[in-house]
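Enquirer: Input: one structure, supplied below.
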Amino acid sequence: MHYALDIRTFLFSHYFYSGLRIATGVVGLTMLVFNLADMQTTMTVFLGALCTSLMDLPSPLRHKFNEMLAGVLLCTLVMLLISLCAPIGWLVSVMMVLVSFLASMIVVYGKKSLPLQFAALMVMTLSMENQFKVEEAFLHAGFFLAGGLGYLTYAMVVSWFLRRRVKQQVLAEALFELARYLRIKADFYNVHSELNTQFNLLVRQQIVLADKLQASRDMVLRDLHTKQDGLLVNVHLSMLEVYEQVLSTHADYALLRSHFGDCDVMTFLRDLANKTAEDIESIAYAVTRKRASMPTVNYKAELRAIQYELQLLQQSQQDGTSPSIPTDALTLLSVTSNKIQDIIERITQLHLATQRPVDPLPILPGADMTPFLTQQKYKAGLLLANLRWQSPIFRFSIRVALAVSTGLWIASCLPYMSHGYWIVLTIVIILKPNFSTTKQRLQDRLIGTIIGCVLTALILHFVHDTMGLLAALFVASVASPAFNYIKYRYTAIAATVQILMLLNMLVPAGHHGVVGERLIDTTIGVLIAIVFSFVLPSWEYRDLPRLIRNVLSASHRYIQASRDMLEGRVGDDFFYRVCRKGFMDSLAALISAQVRMMDEPISKQYAVQEINRFVIQNYLVAAHVAALRILLRRHAEGLPRVAVNQLIEKNYQDATHYLQMAQQILAPSGKTSLEAAAAKPAGSGTAATDIEPPSEEVRNWSGWHTFQRRTLLLDADLQQIVTQTTAIDMVLRQSAGN
């Protein structure tokens with residue numbers, strides 16, 4: 001369950017704050033204008049504020065202003081065009097189809113442009129029945145602009161005062177997702193959970209966590225002025241340290257289960273890992289409530305129990321009563337326990353970070369955080385480059401335009417008094433760039449509309465007091481944006497109640513029968529969206545080779561940066577962190593595409609198991625690198641630098657060979673998988689570095705055995721990446737031949 005769906009956290013989350021802020025601004029501005037102007041003017045101002053509020057998302061203040069201003073100007077232009085064309089039936093239909101296409105092309109600028117696209121289509125839909133003269137159309141657009149600018153001003157003022165509060169909420173959300181990540185890791189020690197299932201859950205949570213960590217970076221690492229800002233930066237950096245420590249805890253779980261599955265020590269490890277998740281959740285709670293976090297979780301019982309179990313196992317092996325347990329398994333168990341203790345120590349530092357306001361400059365003394373932050377880039381060239389048949393966004397835009405034109409035609413042919421704007425609105429709400437999101441919206445929109453219509457009918461039947469109706473409208477206005485990104489079905493219910501309540505307030509005598517008509521209109525819109533979701537589709541499997549190549553390239557850069565850091569060639573880990581972020585982002589993009597593919601028709605799902613294994617192997621590469629880094633840090637005393645660097649260098653050369661081989665397999669060169677796998681890329685030096693046998697001094701280094709074992713695991717997983725890439729390529733080639 002999403003953390004914000006719990007009432008204890010929802011009321012302190014940025015989702016609730018956003019809903020409350022948006023509802024107060026939109027309803028408040030509407031009520032203010034209602035006391036000064038007529039109903040038509042009031043509703044135009046309301047529409048301007050409502051459309052602008054769609055862009056009111058948690059963002060840095062400068063980004064928020066640019067995004068909302070773009071929404072105001074674009075939506076005003078759309079309203080003016082549609083209002084000018086509305087008196088001429090055929091012309092407004094042509095213009096709506098054109099606007100639908102152009103607005104949908106905006107999606108090329110990423111997920112932040114989706115609210116802007118919907119805002120433009122919504123104002124287009126709600127303006128299609130306007131019947132204005134030319135001067136009235138300009139005046140109408142002026143009132144809309146005033147409503148949008150009024151809400152923009154209100155939102156920027158409120159956001160400025162709450163800017164630190166939003167930072168806290170976004171940071172807390174990342175902490176909650178990190179706790180969820182730890183709970184999944186804890187189940188690896190549960191012998192009753194299936195390992196492959198757990199790995200799949202883990203890598204999917206990795207997408208969510210990566211997204212929330214990026215949101216935290218974008219908010220927390222900007223606009224640093226006070227000691228409270230420094231405190232949040234410190235918490236964010238401490239959170240990343242915990243995350244890297246957690247990443248390094250990957251172990252050979254199959255080996256642990258095979259030798260200790262019947263022992264209590266596995267249960268104690270699971271309970272200890274769950275307690276770390278509980279501890280991080282307590283920190284997140286404190287951050288949302290603007291409090292210093294104090295440790296409340298006690299680990300002593302589990303730590304003592306694990307230590308006791310380890311002593312028993314070691315003693316039984318020395319006594320010869322349990323000779324079947326190999327030394328490697330006992331060492332792995334001890335190392336795993338130590339790593340969880342390291343996580344506990346990092347969490348203690350995370351608690352301390354919430355207690356100490358500090359100047360942000362000593363933490364980030366002029367460091368350029370740009371590579372870690374999301375940048376706004378709205379270049380016209382990107383839009384023009386996607387005006388081609390092969391572009392998924394271009395095909396999506398045509399799909400939306402065709403669906404809207406079909407909706408308009410059906411609305412004009414229906415024998416009853418249909419509401420064409422509601423049919424079109426349903427279509428533009430449901431149709432999304434990918435099939436999986438469209439599929440989910442289909443169900444949520446239909447169910448949400450039915451529940452919303454029934455709920456509105458009950459409210460209108462039992463509530464007759466004006467203040468009671470306004471209260472219901474306000475609650476719906478809060479819920480509609482609050483659940484938009486966590487449970488869209490709730491948003492569909494609230495939005496239906498909101499619009500029907502407004503219609504009732506506008507035309508009190510004409511609302512009878514509107515509930516039934518809306519249900520019919522919604523059903524028509526849903527059916528049209530279902531049909532057109534199969535028109536000019538962009539199936540996810542077609543993009544898999546490109547996404548996999550991106551992962552392989554990012555993995556190579558990450559391993560190169562890791563080599564430079566592990567060998568001590570660089571003074572800090574800045575470039576390593578940048579490359580790690582790029583690697584995780586590319587992996588998240590591949591996983592997201594696979595998840596979307598699983599919602600598509602079965603006939604369009606290819607290489608599902610192979611991609612699962614490919615993703616897991618790449619995740620393990622990141623885990624091995626993190627483990628090597630922490631191992632060198634833990635065993636810094638007496639480090640045999642020459643021998644360690646030789647082993648790292650050989651590992652890097654082998655990794656380069658394997659990753660180049662995998663990229664060549666997927667290269668669009670026409671080679672078969674087997675030919676590419678047999679061809680060793682030029683310059684790969686698998687045998688170029690001869691490793692001398694370790695000396696006595698090297699073997700006596702406390703970390704040598706573990707270090708050597710970890711590099712062997714890294715090498716084995718890199719080989720598996722080549723194997724899985726070959727399998728994926730063969731499946732995709734067969735699908736292309738069918």
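Here, A, B, ... name the chains of the structure tokens in the order displayed, residue numbers run from 1 inside each chain, and ligands are numbered from 1 in the same displayed order.
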How would you write, as a PyMOL selection string, the set of residues in range 529-690 of chain A that DSSP gives as helix (DSSP H, G or I)?
Expert: chain A and resi 529-532+540-566+574-597+602-604+608-634+641-666+673-678
Enquirer: Compile the contact shell of range 589-606 of chain A as a list in words: residues with an atom at most 6 Å away, counting only C-alpha atoms, same-chain residues fewer than 3 positions apart removed.
Expert: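 So, after excluding close chain neighbours, the residues are Ser436, Glu540, Leu547 and Ser586 of chain A.
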Enquirer: Please compute the CA of Phe144 in chain A-CA of Leu80 in chain A distance, one decimal, in Å.
Expert: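 Between CA of Phe144 in chain A and CA of Leu80 in chain A the gap is 9.4 Å.
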Enquirer: Using only C-alpha atoms, which residue out of A:Arg613, A:Lys185, A:His2, A:Arg546 lies closest to Tyr485 in chain A?
Expert: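 Counting only C-alpha atoms, the residue closest to Tyr485 in chain A is A:His2.
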Enquirer: Given the choices A:Ala23, A:Leu544, A:Leu201, A:Ala353, which gets closest to Ala494 in chain A if the distance is worked out from only C-alpha atoms?
Expert: A:Ala23
Enquirer: Skip Phe176 in chain A itself and residues of its chain fewer than 3 positions away, then list as a list in words all residues within 9 Å of it, counting only C-alpha atoms.
Expert: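 Counting only the stated atoms, we get Tyr3, Leu171, Ala172, Glu173, Ala179, Arg180, Tyr181, Ala277, Ile280, Glu281, Ile283, Ala284 and Tyr285 of chain A.
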Enquirer: Just N, CA, C and O atoms for this one: save the residues we selected as an mmCIF file, in the first residue's frame.
Expert:
data_model
loop_
_atom_site.group_PDB
_atom_site.id
_atom_site.type_symbol
_atom_site.label_atom_id
_atom_site.label_comp_id
_atom_site.auth_asym_id
_atom_site.auth_seq_id
_atom_site.Cartn_x
_atom_site.Cartn_y
_atom_site.Cartn_z
ATOM 1 N N TYR A 3 2.311 4.680 1.011
ATOM 2 C CA TYR A 3 2.378 5.209 2.376
ATOM 3 C C TYR A 3 1.351 6.308 2.611
ATOM 4 O O TYR A 3 0.817 6.469 3.720
ATOM 5 N N LEU A 171 11.202 14.916 1.088
ATOM 6 C CA LEU A 171 12.283 14.135 1.696
ATOM 7 C C LEU A 171 11.714 12.975 2.503
ATOM 8 O O LEU A 171 12.230 11.841 2.428
ATOM 9 N N ALA A 172 10.656 13.223 3.254
ATOM 10 C CA ALA A 172 10.030 12.163 4.048
ATOM 11 C C ALA A 172 9.478 11.060 3.150
ATOM 12 O O ALA A 172 9.556 9.866 3.494
ATOM 13 N N GLU A 173 8.924 11.435 2.004
ATOM 14 C CA GLU A 173 8.399 10.421 1.084
ATOM 15 C C GLU A 173 9.513 9.498 0.607
ATOM 16 O O GLU A 173 9.329 8.277 0.515
ATOM 17 N N ALA A 179 12.295 2.764 3.414
ATOM 18 C CA ALA A 179 11.849 1.786 4.411
ATOM 19 C C ALA A 179 11.139 0.609 3.738
ATOM 20 O O ALA A 179 11.345 -0.556 4.115
ATOM 21 N N ARG A 180 10.319 0.909 2.738
ATOM 22 C CA ARG A 180 9.634 -0.148 1.981
ATOM 23 C C ARG A 180 10.664 -1.041 1.276
ATOM 24 O O ARG A 180 10.521 -2.271 1.239
ATOM 25 N N TYR A 181 11.703 -0.441 0.748
ATOM 26 C CA TYR A 181 12.793 -1.168 0.093
ATOM 27 C C TYR A 181 13.449 -2.139 1.087
ATOM 28 O O TYR A 181 13.739 -3.296 0.762
ATOM 29 N N ALA A 277 13.804 -1.020 8.891
ATOM 30 C CA ALA A 277 12.752 -0.348 8.117
ATOM 31 C C ALA A 277 11.840 0.447 9.042
ATOM 32 O O ALA A 277 11.472 1.597 8.745
ATOM 33 N N ILE A 280 13.613 3.660 10.081
ATOM 34 C CA ILE A 280 13.609 4.696 9.042
ATOM 35 C C ILE A 280 12.221 5.314 8.917
ATOM 36 O O ILE A 280 12.082 6.523 8.695
ATOM 37 N N GLU A 281 11.183 4.504 9.059
ATOM 38 C CA GLU A 281 9.823 5.057 9.041
ATOM 39 C C GLU A 281 9.619 6.060 10.174
ATOM 40 O O GLU A 281 8.961 7.090 9.992
ATOM 41 N N ILE A 283 11.857 7.958 11.417
ATOM 42 C CA ILE A 283 12.540 9.191 11.000
ATOM 43 C C ILE A 283 11.673 9.955 10.010
ATOM 44 O O ILE A 283 11.552 11.181 10.087
ATOM 45 N N ALA A 284 11.061 9.229 9.080
ATOM 46 C CA ALA A 284 10.179 9.876 8.099
ATOM 47 C C ALA A 284 9.000 10.551 8.791
ATOM 48 O O ALA A 284 8.619 11.678 8.442
ATOM 49 N N TYR A 285 8.403 9.876 9.779
ATOM 50 C CA TYR A 285 7.309 10.479 10.550
ATOM 51 C C TYR A 285 7.771 11.787 11.187
ATOM 52 O O TYR A 285 7.066 12.795 11.167
#
Enquirer: So, with only C-alpha atoms as the atoms that count, which of A:Gly110, A:Phe138, A:Leu121, A:Arg569 lies closest to Cys75 in chain A?
Expert: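 Closest residue, counting only C-alpha atoms: A:Leu121.
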Enquirer: What's the 9 Å shell around Ile398 in chain A, counting only C-alpha atoms, without same-chain residues fewer than 5 positions away, as an mmCIF file with C-alpha atoms, in the first residue's frame?
Expert:
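Listing of out26.cif after writing:
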data_model
loop_
_atom_site.group_PDB
_atom_site.id
_atom_site.type_symbol
_atom_site.label_atom_id
_atom_site.label_comp_id
_atom_site.auth_asym_id
_atom_site.auth_seq_id
_atom_site.Cartn_x
_atom_site.Cartn_y
_atom_site.Cartn_z
ATOM 1 C CA SER A 100 -5.903 17.697 -29.644
ATOM 2 C CA PHE A 101 -3.005 16.732 -31.895
ATOM 3 C CA SER A 104 -0.658 15.779 -27.248
ATOM 4 C CA ILE A 393 4.398 10.522 -29.360
ATOM 5 C CA ALA A 403 -10.616 9.580 -30.962
ATOM 6 C CA LEU A 536 -1.507 3.142 -34.159
#
Enquirer: When you look at range 156-169 of chain A with a cut-off of 9 Å (counting only C-alpha atoms), what residues show up, excluding the ones that are within fewer than 5 positions of it in the same chain? I need them as a PyMOL selection string.
Expert: chain A and resi 12-14+17+21+58-61+64-65+151+174+216+219-220+228-229+232+284+287-290
Enquirer: Would you put the residues from that selection into a file with N, CA, C and O atoms, as an mmCIF file, in the first residue's frame?
Expert:
data_model
loop_
_atom_site.group_PDB
_atom_site.id
_atom_site.type_symbol
_atom_site.label_atom_id
_atom_site.label_comp_id
_atom_site.auth_asym_id
_atom_site.auth_seq_id
_atom_site.Cartn_x
_atom_site.Cartn_y
_atom_site.Cartn_z
ATOM 1 N N PHE A 12 -0.148 14.500 6.614
ATOM 2 C CA PHE A 12 1.106 15.245 6.690
ATOM 3 C C PHE A 12 1.876 15.206 5.369
ATOM 4 O O PHE A 12 2.979 15.736 5.286
ATOM 5 N N SER A 13 1.304 14.567 4.360
ATOM 6 C CA SER A 13 2.004 14.413 3.084
ATOM 7 C C SER A 13 1.798 15.627 2.192
ATOM 8 O O SER A 13 0.865 16.409 2.379
ATOM 9 N N HIS A 14 2.664 15.765 1.186
ATOM 10 C CA HIS A 14 2.507 16.878 0.240
ATOM 11 C C HIS A 14 1.289 16.663 -0.658
ATOM 12 O O HIS A 14 0.784 17.611 -1.254
ATOM 13 N N TYR A 17 -1.464 18.336 1.363
ATOM 14 C CA TYR A 17 -1.186 19.775 1.365
ATOM 15 C C TYR A 17 -1.496 20.383 -0.005
ATOM 16 O O TYR A 17 -2.056 21.478 -0.096
ATOM 17 N N ARG A 21 -4.283 23.147 -0.626
ATOM 18 C CA ARG A 21 -3.873 24.427 -1.213
ATOM 19 C C ARG A 21 -4.658 24.721 -2.487
ATOM 20 O O ARG A 21 -5.145 25.844 -2.699
ATOM 21 N N PRO A 58 4.588 19.821 -6.617
ATOM 22 C CA PRO A 58 5.791 20.095 -5.824
ATOM 23 C C PRO A 58 7.006 20.256 -6.730
ATOM 24 O O PRO A 58 7.440 19.300 -7.375
ATOM 25 N N SER A 59 7.519 21.456 -6.823
ATOM 26 C CA SER A 59 8.656 21.763 -7.694
ATOM 27 C C SER A 59 9.439 22.909 -7.080
ATOM 28 O O SER A 59 8.899 23.656 -6.256
ATOM 29 N N PRO A 60 10.703 23.065 -7.475
ATOM 30 C CA PRO A 60 11.420 24.287 -7.094
ATOM 31 C C PRO A 60 10.634 25.514 -7.567
ATOM 32 O O PRO A 60 9.970 25.463 -8.612
ATOM 33 N N LEU A 61 10.694 26.605 -6.818
ATOM 34 C CA LEU A 61 9.832 27.755 -7.078
ATOM 35 C C LEU A 61 9.983 28.283 -8.501
ATOM 36 O O LEU A 61 8.997 28.638 -9.150
ATOM 37 N N LYS A 64 8.268 25.903 -10.821
ATOM 38 C CA LYS A 64 6.822 25.984 -10.638
ATOM 39 C C LYS A 64 6.252 27.205 -11.355
ATOM 40 O O LYS A 64 5.226 27.122 -12.041
ATOM 41 N N PHE A 65 6.913 28.340 -11.222
ATOM 42 C CA PHE A 65 6.425 29.562 -11.874
ATOM 43 C C PHE A 65 6.409 29.393 -13.390
ATOM 44 O O PHE A 65 5.426 29.736 -14.058
ATOM 45 N N TYR A 151 -4.801 32.657 -9.670
ATOM 46 C CA TYR A 151 -4.395 31.441 -8.966
ATOM 47 C C TYR A 151 -2.873 31.312 -8.958
ATOM 48 O O TYR A 151 -2.280 30.882 -7.958
ATOM 49 N N ALA A 174 10.695 10.060 0.311
ATOM 50 C CA ALA A 174 11.836 9.228 -0.084
ATOM 51 C C ALA A 174 12.234 8.286 1.047
ATOM 52 O O ALA A 174 12.581 7.116 0.813
ATOM 53 N N SER A 216 13.596 14.267 -4.218
ATOM 54 C CA SER A 216 14.225 14.837 -3.028
ATOM 55 C C SER A 216 15.435 15.684 -3.406
ATOM 56 O O SER A 216 15.629 16.785 -2.873
ATOM 57 N N MET A 219 14.391 19.094 -4.816
ATOM 58 C CA MET A 219 13.849 20.043 -3.844
ATOM 59 C C MET A 219 14.888 20.449 -2.803
ATOM 60 O O MET A 219 15.060 21.627 -2.504
ATOM 61 N N VAL A 220 15.598 19.476 -2.251
ATOM 62 C CA VAL A 220 16.444 19.726 -1.075
ATOM 63 C C VAL A 220 17.760 20.403 -1.439
ATOM 64 O O VAL A 220 18.279 21.219 -0.666
ATOM 65 N N GLN A 228 18.200 25.493 8.664
ATOM 66 C CA GLN A 228 17.185 24.456 8.465
ATOM 67 C C GLN A 228 17.338 23.811 7.094
ATOM 68 O O GLN A 228 17.118 22.612 6.932
ATOM 69 N N ASP A 229 17.713 24.624 6.087
ATOM 70 C CA ASP A 229 18.009 24.060 4.763
ATOM 71 C C ASP A 229 19.198 23.110 4.857
ATOM 72 O O ASP A 229 19.208 22.035 4.252
ATOM 73 N N LEU A 232 18.179 19.740 6.251
ATOM 74 C CA LEU A 232 17.529 18.869 5.269
ATOM 75 C C LEU A 232 18.539 18.273 4.294
ATOM 76 O O LEU A 232 18.428 17.105 3.895
ATOM 77 N N ALA A 284 11.061 9.229 9.080
ATOM 78 C CA ALA A 284 10.179 9.876 8.099
ATOM 79 C C ALA A 284 9.000 10.551 8.791
ATOM 80 O O ALA A 284 8.619 11.678 8.442
ATOM 81 N N VAL A 287 10.233 13.754 10.289
ATOM 82 C CA VAL A 287 10.492 14.789 9.280
ATOM 83 C C VAL A 287 9.186 15.416 8.814
ATOM 84 O O VAL A 287 9.094 16.635 8.643
ATOM 85 N N THR A 288 8.137 14.613 8.618
ATOM 86 C CA THR A 288 6.855 15.177 8.176
ATOM 87 C C THR A 288 6.244 16.079 9.237
ATOM 88 O O THR A 288 5.468 16.982 8.919
ATOM 89 N N ARG A 289 6.591 15.839 10.488
ATOM 90 C CA ARG A 289 6.023 16.637 11.576
ATOM 91 C C ARG A 289 6.955 17.744 12.048
ATOM 92 O O ARG A 289 6.729 18.353 13.096
ATOM 93 N N LYS A 290 8.038 17.958 11.292
ATOM 94 C CA LYS A 290 9.001 19.029 11.591
ATOM 95 C C LYS A 290 9.624 18.864 12.976
ATOM 96 O O LYS A 290 9.820 19.823 13.707
#
Enquirer: What is the CA of Pro87 in chain A-CA of Ala137 in chain A distance in Å, reported with one decimal?
Expert: 10.7 Å
Enquirer: Rounded to one decimal place, report the CA of Gln117 in chain A-CA of Phe46 in chain A distance in Å.
Expert: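 We find that CA of Gln117 in chain A and CA of Phe46 in chain A lie 18.8 Å from each other.
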Enquirer: Here is a test: counting only C-alpha atoms, which residue of A:Thr44, A:Ser562, A:Asn35, A:Ser258 is nearest to Tyr576 in chain A?
Expert: A:Ser562
Enquirer: Can you pull out the residues contacting Arg441 in chain A? Cut-off 10 Å, using only C-alpha atoms, and skip same-chain residues under 2 positions away; I want them as an MDAnalysis selection string.
Expert: chainID A and resid 426 429:432 435:439 443:448 488:489 492 526 529
Enquirer: Which residues are near range 404-415 of chain A? Cut-off 6 Å, only C-alpha atoms, ignore same chain within fewer than 3 positions. Put them as number ranges by chain.
Expert: A: 401, 420, 424
